[in-house]
Every structure is written in structure tokens, then in C-alpha cells.
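J.: Here you go, structure_17.cif (mmCIF, C-alpha atoms):
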```
data_entry
#
loop_
_atom_site.label_atom_id
_atom_site.label_comp_id
_atom_site.auth_asym_id
_atom_site.auth_seq_id
_atom_site.Cartn_x
_atom_site.Cartn_y
_atom_site.Cartn_z
CA MET C 151 -4.52 -19.10 1.55
CA SER C 152 -0.77 -19.75 1.65
CA PRO C 153 1.65 -16.89 0.87
CA ARG C 154 2.86 -18.86 -2.17
CA ASN C 155 -0.64 -19.18 -3.63
CA VAL C 156 -1.38 -15.49 -3.01
CA ALA C 157 1.88 -14.61 -4.79
CA LEU C 158 0.89 -16.81 -7.74
CA LEU C 159 -2.61 -15.29 -7.84
CA TRP C 160 -1.05 -11.83 -7.86
CA ALA C 161 1.18 -12.79 -10.78
CA ALA C 162 -1.76 -14.39 -12.62
CA GLN C 163 -3.82 -11.23 -12.22
CA ARG C 164 -1.01 -9.02 -13.56
CA LEU C 165 -0.31 -11.35 -16.47
CA SER C 166 -4.00 -11.62 -17.37
CA ALA C 167 -4.24 -7.80 -17.19
CA VAL C 168 -1.50 -7.47 -19.80
CA VAL C 169 -3.29 -9.94 -22.06
CA LEU C 170 -6.66 -8.27 -21.47
CA ALA C 171 -5.23 -4.87 -22.40
CA VAL C 172 -4.45 -6.19 -25.89
CA PHE C 173 -7.79 -8.02 -26.22
CA VAL C 174 -9.81 -4.99 -25.11
CA VAL C 175 -8.04 -2.65 -27.55
CA VAL C 176 -8.60 -5.05 -30.48
CA HIS C 177 -12.21 -5.65 -29.40
CA LEU C 178 -13.02 -1.92 -29.11
CA ALA C 179 -11.21 -1.03 -32.33
CA THR C 180 -13.14 -3.74 -34.19
CA MET C 181 -16.44 -2.52 -32.73
CA ILE C 182 -15.77 1.08 -33.74
CA TYR C 183 -14.75 0.00 -37.23
CA ALA C 184 -17.62 -2.48 -37.60
CA VAL C 185 -20.47 -0.10 -36.67
CA GLN C 186 -19.48 2.44 -39.36
CA GLY C 187 -22.03 0.91 -41.73
CA GLY C 188 -24.68 0.35 -39.03
CA LEU C 189 -24.99 -2.34 -36.40
CA SER C 190 -26.78 -5.58 -37.23
CA ALA C 191 -26.70 -9.19 -36.05
CA GLU C 192 -26.12 -10.37 -39.64
CA GLU C 193 -23.07 -8.16 -39.96
CA ILE C 194 -21.56 -9.44 -36.68
CA LEU C 195 -22.28 -13.08 -37.43
CA GLY C 196 -20.98 -12.61 -40.95
CA ARG C 197 -17.64 -11.70 -39.45
CA THR C 198 -17.48 -14.32 -36.70
CA GLN C 199 -19.34 -17.41 -37.99
CA GLY C 200 -16.90 -20.08 -39.11
CA ASN C 201 -13.94 -17.78 -38.44
CA ILE C 202 -11.49 -19.76 -36.32
CA GLY C 203 -9.38 -16.62 -35.72
CA TRP C 204 -12.21 -14.78 -33.92
CA LEU C 205 -13.11 -17.95 -32.01
CA LEU C 206 -9.54 -18.22 -30.69
CA PHE C 207 -9.46 -14.47 -29.99
CA TYR C 208 -12.65 -14.50 -27.90
CA THR C 209 -11.72 -17.79 -26.20
CA GLY C 210 -8.47 -16.18 -25.04
CA PHE C 211 -10.38 -13.06 -23.99
CA VAL C 212 -12.83 -15.12 -21.91
CA VAL C 213 -10.09 -17.20 -20.25
CA ALA C 214 -8.12 -14.05 -19.31
CA ALA C 215 -11.26 -12.37 -17.90
CA ALA C 216 -12.19 -15.51 -15.94
CA ILE C 217 -8.74 -15.48 -14.33
CA HIS C 218 -8.51 -11.72 -13.78
CA ALA C 219 -11.92 -10.77 -12.38
CA PRO C 220 -12.32 -13.28 -9.52
CA ILE C 221 -8.86 -12.43 -8.12
CA GLY C 222 -9.84 -8.76 -7.96
CA LEU C 223 -13.27 -9.61 -6.51
CA ARG C 224 -11.52 -11.71 -3.84
CA ASN C 225 -9.49 -8.68 -2.75
CA ILE C 226 -12.57 -6.44 -2.69
CA ALA C 227 -14.53 -9.02 -0.67
CA MET C 228 -11.71 -9.31 1.87
CA GLU C 229 -11.17 -5.58 2.28
CA HIS C 230 -14.72 -4.29 2.19
CA LEU C 231 -16.85 -7.20 3.40
CA GLY C 232 -14.33 -8.79 5.75
CA TRP C 233 -15.00 -12.10 3.99
CA ARG C 234 -12.10 -14.55 4.46
CA GLY C 235 -11.35 -18.23 4.40
CA ARG C 236 -12.42 -21.28 2.46
CA SER C 237 -15.95 -20.08 1.68
CA LEU C 238 -14.48 -17.06 -0.13
CA GLU C 239 -12.08 -19.21 -2.15
CA ILE C 240 -14.92 -21.54 -3.20
CA ALA C 241 -17.18 -18.62 -4.08
CA MET C 242 -14.47 -17.03 -6.23
CA LEU C 243 -13.81 -20.36 -7.95
CA LEU C 244 -17.51 -20.52 -8.80
CA VAL C 245 -17.39 -16.95 -10.17
CA ALA C 246 -14.42 -17.97 -12.34
CA LEU C 247 -16.27 -21.04 -13.63
CA LEU C 248 -19.43 -19.00 -14.29
CA LEU C 249 -17.48 -16.41 -16.30
CA LEU C 250 -15.70 -19.16 -18.18
CA VAL C 251 -18.85 -21.12 -19.04
CA LEU C 252 -20.95 -18.09 -20.01
CA GLY C 253 -18.08 -16.53 -21.96
CA LEU C 254 -17.14 -19.67 -23.87
CA ARG C 255 -20.81 -20.30 -24.62
CA ALA C 256 -21.08 -16.81 -26.12
CA ALA C 257 -17.84 -17.21 -28.11
CA TRP C 258 -19.09 -20.53 -29.49
CA GLY C 259 -22.53 -19.03 -30.12
CA VAL C 260 -21.22 -16.46 -32.60
CA PHE C 261 -18.87 -19.01 -34.23
CA ALA C 262 -21.13 -22.01 -34.82
CA MET O 206 0.48 40.08 16.27
CA SER O 207 -2.12 37.85 14.59
CA GLU O 208 -3.47 34.76 16.26
CA LEU O 209 -3.97 31.16 15.27
CA THR O 210 -7.10 29.26 16.21
CA VAL O 211 -6.08 25.71 16.89
CA ALA O 212 -8.42 22.75 17.31
CA VAL O 213 -6.62 19.98 19.19
CA TRP O 214 -7.84 16.43 19.77
CA ARG O 215 -8.28 15.70 23.48
CA GLY O 216 -8.87 12.36 25.18
CA ASP O 217 -8.96 8.89 23.64
CA SER O 218 -10.95 7.71 20.61
CA ALA O 219 -14.15 8.86 22.33
CA GLY O 220 -12.72 12.34 22.85
CA GLY O 221 -13.22 15.51 20.83
CA LEU O 222 -11.64 18.73 19.63
CA GLU O 223 -10.74 21.53 22.05
CA HIS O 224 -10.07 25.02 20.71
CA PHE O 225 -7.14 27.26 21.65
CA ARG O 226 -5.86 30.63 20.49
CA VAL O 227 -2.10 31.09 20.27
CA PRO O 228 0.05 33.90 18.83
CA ARG O 229 1.12 33.42 15.24
CA ARG O 230 4.84 33.88 14.70
CA GLN O 231 7.30 33.82 11.84
CA ASN O 232 8.90 30.44 11.01
CA GLN O 233 6.58 28.77 13.49
CA THR O 234 6.27 24.99 13.24
CA VAL O 235 3.22 22.94 14.15
CA LEU O 236 5.26 21.39 16.97
CA ASP O 237 5.96 24.93 18.27
CA VAL O 238 2.20 25.53 18.38
CA VAL O 239 1.51 22.31 20.29
CA THR O 240 4.34 23.06 22.70
CA GLN O 241 3.04 26.59 23.27
CA ILE O 242 -0.44 25.26 24.06
CA GLN O 243 0.98 22.79 26.56
CA ARG O 244 3.21 25.36 28.26
CA ASP O 245 0.85 28.34 28.31
CA LYS O 246 -2.70 27.04 28.02
CA ASP O 247 -3.06 23.49 29.29
CA PRO O 248 -0.17 21.51 30.83
CA THR O 249 -2.24 18.29 30.69
CA LEU O 250 -1.98 18.14 26.87
CA SER O 251 -0.09 14.97 25.89
CA TYR O 252 2.07 14.69 22.77
CA ARG O 253 5.39 13.17 21.72
CA TYR O 254 8.56 14.71 20.42
CA ALA O 255 12.28 14.32 20.95
CA CYS O 256 14.82 15.69 18.48
CA ARG O 257 12.84 18.60 16.89
CA VAL O 258 15.00 18.32 13.75
CA GLY O 259 13.35 15.55 11.72
CA MET O 260 15.51 12.65 12.84
CA CYS O 261 13.71 10.76 15.60
CA GLY O 262 10.31 10.21 13.97
CA SER O 263 8.31 10.70 17.16
CA CYS O 264 6.28 13.88 16.55
CA ALA O 265 4.00 12.82 13.66
CA MET O 266 0.38 14.00 13.92
CA THR O 267 -2.56 14.65 11.62
CA VAL O 268 -2.48 18.34 10.68
CA ASN O 269 -5.51 19.70 8.83
CA GLY O 270 -6.37 16.17 7.75
CA VAL O 271 -2.91 15.13 6.57
CA ALA O 272 -0.33 13.06 8.48
CA ARG O 273 2.88 15.10 8.86
CA TRP O 274 6.06 15.35 10.93
CA THR O 275 5.19 18.40 12.99
CA CYS O 276 8.73 19.52 13.86
CA ARG O 277 9.53 20.24 10.21
CA THR O 278 6.10 21.45 9.16
CA HIS O 279 5.77 25.22 9.05
CA VAL O 280 2.41 26.63 10.02
CA ASP O 281 2.52 28.93 6.98
CA LYS O 282 2.59 25.92 4.66
CA VAL O 283 -0.38 24.05 6.13
CA ALA O 284 -2.68 26.51 7.94
CA ASP O 285 -6.11 27.09 6.50
CA GLY O 286 -6.05 30.88 6.92
CA ASP O 287 -5.46 31.19 10.65
CA HIS O 288 -6.84 27.77 11.47
CA LEU O 289 -5.08 24.53 12.37
CA GLU O 290 -6.70 21.23 13.30
CA ILE O 291 -4.33 18.82 15.01
CA ARG O 292 -5.31 15.22 15.63
CA PRO O 293 -3.35 12.06 16.45
CA LEU O 294 -2.22 9.75 13.62
CA GLU O 295 -4.90 7.62 11.99
CA ASN O 296 -4.87 3.80 11.87
CA LEU O 297 -3.41 3.61 15.40
CA THR O 298 -5.11 3.39 18.78
CA ILE O 299 -5.20 6.73 20.58
CA ILE O 300 -3.76 6.61 24.09
CA LYS O 301 -4.47 10.23 25.01
CA ASP O 302 -4.71 13.52 23.11
CA LEU O 303 -2.05 13.46 20.36
CA VAL O 304 -0.32 10.30 21.56
CA CYS O 305 -0.94 7.02 19.71
CA ASP O 306 -0.01 3.52 20.71
CA MET O 307 2.78 2.73 18.23
CA SER O 308 3.21 -0.88 19.38
CA THR O 309 1.19 -2.34 16.46
CA PHE O 310 3.36 -0.38 14.04
CA PHE O 311 6.58 -1.77 15.52
CA GLU O 312 5.16 -5.29 16.01
CA LYS O 313 4.53 -5.37 12.27
CA MET O 314 8.20 -4.50 11.66
CA LYS O 315 9.02 -7.67 13.60
CA LYS O 316 6.38 -9.71 11.75
CA ALA O 317 7.93 -8.61 8.45
CA ARG O 318 11.27 -9.98 9.71
CA GLY O 319 12.63 -6.47 9.78
CA VAL O 320 15.59 -7.56 11.88
CA PHE O 321 19.01 -8.15 10.35
CA LYS O 322 20.10 -11.79 10.45
CA GLY O 323 23.82 -12.19 9.93
CA GLY O 324 25.56 -15.37 8.87
CA THR O 325 29.09 -14.59 10.04
CA GLY O 326 30.81 -14.18 13.37
CA ARG O 327 33.31 -11.77 14.89
CA HIS O 328 36.27 -13.80 13.63
CA ASP O 329 35.16 -13.66 10.00
CA PRO O 330 36.53 -10.95 7.72
CA PHE O 331 34.54 -7.77 7.23
CA ALA O 332 31.83 -7.95 4.58
CA THR O 333 32.52 -5.77 1.58
CA ILE O 334 29.57 -3.89 0.13
CA LYS O 335 30.48 -1.69 -2.80
CA PRO O 336 28.62 1.63 -2.62
CA ASP O 337 28.05 1.52 -6.38
CA SER O 338 26.64 -2.02 -6.43
CA PRO O 339 23.06 -2.16 -7.83
CA ALA O 340 21.62 -3.76 -4.66
CA ARG O 341 23.13 -1.05 -2.44
CA ILE O 342 22.05 1.77 -4.74
CA SER O 343 18.50 0.38 -4.89
CA VAL O 344 18.04 0.99 -1.14
CA ASP O 345 19.93 4.28 -0.88
CA GLU O 346 16.68 6.08 -0.03
CA ALA O 347 14.77 3.29 1.70
CA ILE O 348 17.31 2.91 4.52
CA GLU O 349 16.66 6.53 5.55
CA CYS O 350 13.26 5.65 7.08
CA ILE O 351 12.89 7.22 10.53
CA GLY O 352 9.86 5.14 11.55
CA CYS O 353 7.56 8.13 12.07
CA GLY O 354 4.41 6.23 11.07
CA VAL O 355 3.18 8.88 8.59
CA CYS O 356 3.01 6.27 5.79
CA TYR O 357 1.15 3.83 8.02
CA ALA O 358 -1.38 6.49 9.04
CA SER O 359 -1.89 7.52 5.40
CA CYS O 360 -2.39 4.01 3.99
CA ASP O 361 -5.88 3.07 2.78
CA VAL O 362 -5.06 -0.65 2.85
CA VAL O 363 -4.11 -0.48 6.55
CA LYS O 364 -7.50 1.18 7.15
CA TRP O 365 -9.34 -1.61 5.32
CA ASN O 366 -7.22 -4.56 6.48
CA ALA O 367 -5.96 -4.33 10.05
CA ASP O 368 -3.59 -7.26 9.46
CA TYR O 369 -1.75 -5.55 6.60
CA LEU O 370 1.91 -5.09 7.54
CA GLY O 371 1.98 -1.56 6.12
CA PRO O 372 4.46 0.49 4.08
CA ALA O 373 7.15 1.04 6.72
CA ALA O 374 7.50 -2.63 7.72
CA LEU O 375 7.60 -3.75 4.08
CA ASN O 376 10.09 -1.01 3.22
CA ARG O 377 12.32 -2.21 6.06
CA ALA O 378 12.03 -5.82 4.84
CA TRP O 379 13.04 -4.71 1.33
CA THR O 380 16.19 -2.98 2.58
CA LEU O 381 17.26 -6.23 4.27
CA MET O 382 16.47 -8.28 1.15
CA GLN O 383 19.01 -6.11 -0.66
CA ASP O 384 21.63 -6.51 2.07
CA SER O 385 24.16 -9.11 0.89
CA ARG O 386 25.24 -9.84 4.49
CA ASP O 387 21.74 -10.89 5.55
CA VAL O 388 20.87 -14.60 5.47
CA GLY O 389 17.21 -14.41 6.51
CA GLY O 390 15.84 -13.70 3.03
CA GLY O 391 13.85 -16.92 2.60
CA GLU O 392 11.85 -16.64 5.80
CA ARG O 393 11.46 -12.89 5.25
CA LEU O 394 9.91 -13.39 1.81
CA ALA O 395 7.46 -15.89 3.31
CA ALA O 396 6.64 -13.36 6.04
CA VAL O 397 5.95 -10.47 3.64
CA ALA O 398 4.01 -12.43 0.99
CA GLY O 399 0.28 -13.04 1.17
CA ASP O 400 -2.97 -11.25 1.96
CA ALA O 401 -1.48 -9.30 4.88
CA GLY O 402 1.80 -8.59 3.08
CA CYS O 403 3.07 -6.92 -0.04
CA HIS O 404 0.35 -8.44 -2.24
CA ALA O 405 -2.31 -6.45 -0.40
CA CYS O 406 -0.78 -3.14 -1.59
CA HIS O 407 -2.89 -1.44 -4.28
CA THR O 408 -0.18 1.03 -5.25
CA HIS O 409 -2.31 4.02 -4.20
CA MET O 410 1.02 5.62 -3.30
CA SER O 411 -0.30 7.63 -0.34
CA CYS O 412 2.79 6.48 1.59
CA THR O 413 5.10 7.83 -1.11
CA GLU O 414 3.09 11.06 -1.39
CA ARG O 415 3.14 11.71 2.36
CA CYS O 416 6.56 10.40 3.44
CA PRO O 417 8.32 13.40 5.02
CA LYS O 418 11.69 11.97 3.96
CA HIS O 419 10.49 11.68 0.34
CA LEU O 420 11.09 7.93 0.30
CA SER O 421 9.07 5.53 -1.82
CA PRO O 422 7.75 2.59 0.18
CA THR O 423 5.68 1.83 -2.94
CA ALA O 424 8.89 1.08 -4.85
CA SER O 425 10.14 -1.12 -2.01
CA ILE O 426 6.84 -3.03 -1.97
CA ALA O 427 7.08 -3.47 -5.75
CA GLY O 428 10.54 -4.96 -5.21
CA LEU O 429 9.08 -7.42 -2.69
CA LYS O 430 6.31 -8.34 -5.13
CA ARG O 431 8.91 -9.16 -7.79
CA ALA O 432 11.07 -11.13 -5.34
CA THR O 433 8.14 -13.12 -3.90
CA THR O 434 6.82 -13.93 -7.39
CA LYS O 435 10.21 -15.25 -8.45
CA ALA O 436 10.46 -17.31 -5.26
CA ALA O 437 6.90 -18.66 -5.70
CA LEU O 438 7.59 -19.72 -9.30
CA LYS O 439 10.76 -21.49 -8.20
CA GLY O 440 8.87 -23.22 -5.38
CA GLU O 441 11.00 -21.47 -2.76
CA LEU O 442 8.20 -19.60 -1.00
#
```
Hey, can you dump this file as C-alpha cells for me?
T.:
Amino acid sequence: MSPRNVALLWAAQRLSAVVLAVFVVVHLATMIYAVQGGLSAEEILGRTQGNIGWLLFYTGFVVAAAIHAPIGLRNIAMEHLGWRGRSLEIAMLLVALLLLVLGLRAAWGVFA
Amino acid sequence: MSELTVAVWRGDSAGGLEHFRVPRRQNQTVLDVVTQIQRDKDPTLSYRYACRVGMCGSCAMTVNGVARWTCRTHVDKVADGDHLEIRPLENLTIIKDLVCDMSTFFEKMKKARGVFKGGTGRHDPFATIKPDSPARISVDEAIECIGCGVCYASCDVVKWNADYLGPAALNRAWTLMQDSRDVGGGERLAAVAGDAGCHACHTHMSCTERCPKHLSPTASIAGLKRATTKAALKGEL
């Protein structure tokens, strides 16, 4: 991968980390608050179904995670497995797509 | 007089530790111990040193598991009781005993474009660099690197990725990026970006922790990360 693309990936991972930090704090705080009265599917769906705010929140969360995680996995694969080259880039793109599809499906699932 | 038991690496990478007993003295440095072994016990012991006062950067070794400059390392500060274990630096090929092949280390300085590239000739006026200018102040410490290789030997990323340029080469590149006389910045940024360059650094800070001159290659690498990101966004990388 060209030095320019690696530099852009590095910036994307840092930027997505900043965004994720906010998402994770809100997500955890909501969980802790929400389980005070017991945890049930009805209670969760009651909060998220039809709520465009939570849909946008979890869509952003999923997009940030789909950007952040594969870049880190790429580094780990290079350093600890010695995996380099085009096959690694394709594999990491597939990981990103998988995270994106599964995550968006889940976000839509609790909205619709 | 008490004695030190000293385990010293002998041979190449397939070698092993050999044990010596030497007198323990006041204000004794690790380099004193190695020198005493060579002079009194075994003249075939190979090691490097030159200045003995922390300027030349040639005497670095692994002492009780930690890379150190041996001429300025007092035995009292690092001995485990009366025991010392002295090995060559890690992450470099061992030539013999405590001597490593430093050529990879210096080749990487070249790869990082660690050479000054001027844009003026002898008939041009002298360049003026104000000592209190932000760029000059930002490399006040970094330019004091003596090239001892302690940071390189302590770096986890070098261990995992043999192509990684390493803290010293990147630190050198950063000092030149901040030098207003230098005109090689563009090609230098391209040389230090990427999977073998500054973006491979995980900010473990072992280099900063171990640097005998108390420099922060980590800060220099962070500077390169900022500079390369700006250049990449502008399409200049």
C-alpha cells in the first residue's frame, strides 16, 4: 500500500477512535441507566423502535467501528502473522463490509 | 573487597553466556567491568567503546535485560545483588560477543532521508535561524541523539517488523523536517510514511523510556505523523 494511503488509513483510524469514544460512553451510560428497572427486550425495543435519533446514533457507531477495527486488524496481521500485500487488503475490506452489513442490519432491526 | 559475578554473551547468535568473577569497586561502570574482563580474564572478548563519557554512542549493550549505554551506567544502579548479565543489543545481528552489526541501523537512517539537503550555495548569504523560533525549539532535544542504538534495541515494533525504520532514524528525519534550510522535506515525508515508517509506531514509548540522553523519539514520530497526514490530505505525499 502506498505511503499516502497508509497515512490516510492512520488518520481515519484516529478520527474514528475519537468518534467511537463518544459513542461508547453514550452506549454504556444508556445501558447502565436502562437496566435499573430490569432488562427486557420490550424495554429496549420500546426505546429504539421508530426512534430516528437512536437509528442515526447506532448507524454512526457501526460506520465508525467498521472503519476503525479493520485498520487495527491489518496492523496486527502484518506484525504478528507476517501477512502482507493485496490479499491482506482484500481480506480487511471484507471484514469492514461484514461489520458494516451486520451492524447496520442490527441497527435497523431494533428500529423497524 | 566483594566480587561481582558477571555473565557475558560469547560468540554469535548461536553462542551462550560465560561467567566471570571480577572485583567490585566504588563508582564502577558496566564498561569498566567489561574492560576488566577483557584485560585480566579473557583478551579475546570483543566489545565496542570509544569516548567513555557518553558522547560517541558506541558502547551500548543489554545489561540485566535492559539496553543501556555502559560507559555512563554505574554497576550499583543496575546490578541484581552482585550479579550482572551483559548481552549485545537486541534487534541487531550479533557479530561476536558484545559487538553487533550496526549497518542496518545506519542504513535505515539513510532510508529515512536522514541526510541534510541544502538549497543554497557558498555564495549565498548565511541562513538565519532564530534560536527562539518554534521550529528550532521543537528539536532542541532531538538533535542531541548520539546514535547509540538503545532505542532501536528497545523497540517492540522493530522486533515485529524488520522493515520498520525505527525510532532513531525517524527522530533524525524529524529534526531535518524542522530545519528551515533543508529542501528535501517532500521526499523525506514520502520516505518516512507508510507501513515501515512512522505509521507503524504504536507509541509504546520504550525508546523514550530507555534513551540514555532522555530524548523523546516518540514525540518526533508524532510530529512526522502530523506532517505526513497534512501532506496526504493535501495530495502532496
J.: Using only C-alpha atoms, which residue out of O:Lys364, O:Arg230, O:Arg215, O:Lys313 lies closest to Arg292 of chain O?
T.: O:Arg215
J.: Would you kindly translate the PyMOL selection byres ((chain C) within 12 of (chain O)) into the concrete residues it picks from this file, as a PyMOL selection string?
T.: chain C and resi 151-165+221-222+224-235
J.: For those residues, write C-alpha atoms to a file as a PDB file, in the frame of the given file.
T.:
```pdb
ATOM      1  CA  MET C 151      -4.520 -19.100   1.550  1.00  0.00           C
ATOM      2  CA  SER C 152      -0.770 -19.750   1.650  1.00  0.00           C
ATOM      3  CA  PRO C 153       1.650 -16.890   0.870  1.00  0.00           C
ATOM      4  CA  ARG C 154       2.860 -18.860  -2.170  1.00  0.00           C
ATOM      5  CA  ASN C 155      -0.640 -19.180  -3.630  1.00  0.00           C
ATOM      6  CA  VAL C 156      -1.380 -15.490  -3.010  1.00  0.00           C
ATOM      7  CA  ALA C 157       1.880 -14.610  -4.790  1.00  0.00           C
ATOM      8  CA  LEU C 158       0.890 -16.810  -7.740  1.00  0.00           C
ATOM      9  CA  LEU C 159      -2.610 -15.290  -7.840  1.00  0.00           C
ATOM     10  CA  TRP C 160      -1.050 -11.830  -7.860  1.00  0.00           C
ATOM     11  CA  ALA C 161       1.180 -12.790 -10.780  1.00  0.00           C
ATOM     12  CA  ALA C 162      -1.760 -14.390 -12.620  1.00  0.00           C
ATOM     13  CA  GLN C 163      -3.820 -11.230 -12.220  1.00  0.00           C
ATOM     14  CA  ARG C 164      -1.010  -9.020 -13.560  1.00  0.00           C
ATOM     15  CA  LEU C 165      -0.310 -11.350 -16.470  1.00  0.00           C
ATOM     16  CA  ILE C 221      -8.860 -12.430  -8.120  1.00  0.00           C
ATOM     17  CA  GLY C 222      -9.840  -8.760  -7.960  1.00  0.00           C
ATOM     18  CA  ARG C 224     -11.520 -11.710  -3.840  1.00  0.00           C
ATOM     19  CA  ASN C 225      -9.490  -8.680  -2.750  1.00  0.00           C
ATOM     20  CA  ILE C 226     -12.570  -6.440  -2.690  1.00  0.00           C
ATOM     21  CA  ALA C 227     -14.530  -9.020  -0.670  1.00  0.00           C
ATOM     22  CA  MET C 228     -11.710  -9.310   1.870  1.00  0.00           C
ATOM     23  CA  GLU C 229     -11.170  -5.580   2.280  1.00  0.00           C
ATOM     24  CA  HIS C 230     -14.720  -4.290   2.190  1.00  0.00           C
ATOM     25  CA  LEU C 231     -16.850  -7.200   3.400  1.00  0.00           C
ATOM     26  CA  GLY C 232     -14.330  -8.790   5.750  1.00  0.00           C
ATOM     27  CA  TRP C 233     -15.000 -12.100   3.990  1.00  0.00           C
ATOM     28  CA  ARG C 234     -12.100 -14.550   4.460  1.00  0.00           C
ATOM     29  CA  GLY C 235     -11.350 -18.230   4.400  1.00  0.00           C
TER      30      GLY C 235
END
```
J.: Quick one: which residues end up in the PyMOL selection byres ((chain C and resi 243-245) around 12) for this structure, as number ranges by chain?
T.: C: 215-224, 236-242, 246-253
J.: Store the residues picked out above in a file with C-alpha atoms, as a compact mmCIF listing (two decimals), in the coordinates of the input.
T.:
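Output contents, as saved in again-v2.txt:
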```
# COMPACT_ATOMS: atom_id res chain seq x y z
CA ALA C 215 -11.26 -12.37 -17.90
CA ALA C 216 -12.19 -15.51 -15.94
CA ILE C 217 -8.74 -15.48 -14.33
CA HIS C 218 -8.51 -11.72 -13.78
CA ALA C 219 -11.92 -10.77 -12.38
CA PRO C 220 -12.32 -13.28 -9.52
CA ILE C 221 -8.86 -12.43 -8.12
CA GLY C 222 -9.84 -8.76 -7.96
CA LEU C 223 -13.27 -9.61 -6.51
CA ARG C 224 -11.52 -11.71 -3.84
CA ARG C 236 -12.42 -21.28 2.46
CA SER C 237 -15.95 -20.08 1.68
CA LEU C 238 -14.48 -17.06 -0.13
CA GLU C 239 -12.08 -19.21 -2.15
CA ILE C 240 -14.92 -21.54 -3.20
CA ALA C 241 -17.18 -18.62 -4.08
CA MET C 242 -14.47 -17.03 -6.23
CA ALA C 246 -14.42 -17.97 -12.34
CA LEU C 247 -16.27 -21.04 -13.63
CA LEU C 248 -19.43 -19.00 -14.29
CA LEU C 249 -17.48 -16.41 -16.30
CA LEU C 250 -15.70 -19.16 -18.18
CA VAL C 251 -18.85 -21.12 -19.04
CA LEU C 252 -20.95 -18.09 -20.01
CA GLY C 253 -18.08 -16.53 -21.96
```
J.: Report, as JSON, the centre and edge lengths in Å (one decimal) of the axis-aligned box enclosing every listed atom of segment 434-438 of chain O, padded by 8 Å on each side.
T.:
```
{"center_x": 8.6, "center_y": -16.8, "center_z": -7.3, "size_x": 19.6, "size_y": 21.8, "size_z": 20.0}
```
J.: Report the distance between atom CA of Leu170 of chain C and atom CA of Ser411 of chain O in Å, rounded to one decimal place.
T.: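 Between these atoms lies a distance of 27.2 Å.
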J.: Expand the PyMOL selection byres ((chain O and resi 416) around 12) into the explicit residue set it covers here, and present it as a PyMOL selection string.
T.: chain O and resi 259+262+265+271-274+346-347+349-360+372-373+376+410-415+417-423
J.: Go ahead and save the picked residues with C-alpha atoms, as a PDB file, keeping the file's coordinate frame.
T.:
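Dumped everything to again_24.pdb:
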```pdb
ATOM      1  CA  GLY O 259      13.350  15.550  11.720  1.00  0.00           C
ATOM      2  CA  GLY O 262      10.310  10.210  13.970  1.00  0.00           C
ATOM      3  CA  ALA O 265       4.000  12.820  13.660  1.00  0.00           C
ATOM      4  CA  VAL O 271      -2.910  15.130   6.570  1.00  0.00           C
ATOM      5  CA  ALA O 272      -0.330  13.060   8.480  1.00  0.00           C
ATOM      6  CA  ARG O 273       2.880  15.100   8.860  1.00  0.00           C
ATOM      7  CA  TRP O 274       6.060  15.350  10.930  1.00  0.00           C
ATOM      8  CA  GLU O 346      16.680   6.080  -0.030  1.00  0.00           C
ATOM      9  CA  ALA O 347      14.770   3.290   1.700  1.00  0.00           C
ATOM     10  CA  GLU O 349      16.660   6.530   5.550  1.00  0.00           C
ATOM     11  CA  CYS O 350      13.260   5.650   7.080  1.00  0.00           C
ATOM     12  CA  ILE O 351      12.890   7.220  10.530  1.00  0.00           C
ATOM     13  CA  GLY O 352       9.860   5.140  11.550  1.00  0.00           C
ATOM     14  CA  CYS O 353       7.560   8.130  12.070  1.00  0.00           C
ATOM     15  CA  GLY O 354       4.410   6.230  11.070  1.00  0.00           C
ATOM     16  CA  VAL O 355       3.180   8.880   8.590  1.00  0.00           C
ATOM     17  CA  CYS O 356       3.010   6.270   5.790  1.00  0.00           C
ATOM     18  CA  TYR O 357       1.150   3.830   8.020  1.00  0.00           C
ATOM     19  CA  ALA O 358      -1.380   6.490   9.040  1.00  0.00           C
ATOM     20  CA  SER O 359      -1.890   7.520   5.400  1.00  0.00           C
ATOM     21  CA  CYS O 360      -2.390   4.010   3.990  1.00  0.00           C
ATOM     22  CA  PRO O 372       4.460   0.490   4.080  1.00  0.00           C
ATOM     23  CA  ALA O 373       7.150   1.040   6.720  1.00  0.00           C
ATOM     24  CA  ASN O 376      10.090  -1.010   3.220  1.00  0.00           C
ATOM     25  CA  MET O 410       1.020   5.620  -3.300  1.00  0.00           C
ATOM     26  CA  SER O 411      -0.300   7.630  -0.340  1.00  0.00           C
ATOM     27  CA  CYS O 412       2.790   6.480   1.590  1.00  0.00           C
ATOM     28  CA  THR O 413       5.100   7.830  -1.110  1.00  0.00           C
ATOM     29  CA  GLU O 414       3.090  11.060  -1.390  1.00  0.00           C
ATOM     30  CA  ARG O 415       3.140  11.710   2.360  1.00  0.00           C
ATOM     31  CA  PRO O 417       8.320  13.400   5.020  1.00  0.00           C
ATOM     32  CA  LYS O 418      11.690  11.970   3.960  1.00  0.00           C
ATOM     33  CA  HIS O 419      10.490  11.680   0.340  1.00  0.00           C
ATOM     34  CA  LEU O 420      11.090   7.930   0.300  1.00  0.00           C
ATOM     35  CA  SER O 421       9.070   5.530  -1.820  1.00  0.00           C
ATOM     36  CA  PRO O 422       7.750   2.590   0.180  1.00  0.00           C
ATOM     37  CA  THR O 423       5.680   1.830  -2.940  1.00  0.00           C
TER      38      THR O 423
END
```
J.: Here is a test: counting only C-alpha atoms, which residue of O:Ile299, O:Met382, O:Cys305, O:Cys264 is nearest to Lys322 of chain O?
T.: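 Answer, going by the shortest atom-to-atom distance: O:Met382.
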J.: In Å, how far is it from atom CA of Gly270 of chain O to atom CA of Asp306 of chain O?
T.: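 We find that atom CA of Gly270 of chain O and atom CA of Asp306 of chain O lie 19.2 Å from each other.
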J.: Using atom CA of Tyr254 of chain O and atom CA of Asp361 of chain O as the two end points, give the distance in Å to one decimal.
T.: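 It comes out at 25.6 Å.
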J.: When you count only C-alpha atoms, which of these residues is closest to Phe311 of chain O: O:Gly286, O:Pro336, O:Pro248, O:Gly371?
T.: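 Answer, going by the shortest atom-to-atom distance: O:Gly371.
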J.: With only C-alpha atoms as the atoms that count, which of O:Met307, O:His279, O:Thr380, O:Thr210 lies nearest to Arg341 of chain O?
T.: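 Ranked by minimum distance to Arg341 of chain O, first place goes to O:Thr380.
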J.: Please identify all polymer residues within 8 Å of Ser251 of chain O, counting only C-alpha atoms, omitting same-chain residues fewer than 2 positions from it, and present them as a ChimeraX atom specification.
T.: /O:243,249,253,301-304
J.: Quick one: everything within 12 Å of segment 179-181 of chain C, counting all atoms listed in the file, minus sequence neighbours fewer than 4 positions away in the same chain. Send it as a list in words.
T.: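 Everything that qualifies: Val172, Phe173, Val174, Val175, Val185, Gln186, Gly187, Gly188, Leu189, Ser190, Glu193, Ile194, Arg197, Thr198 and Trp204 of chain C.
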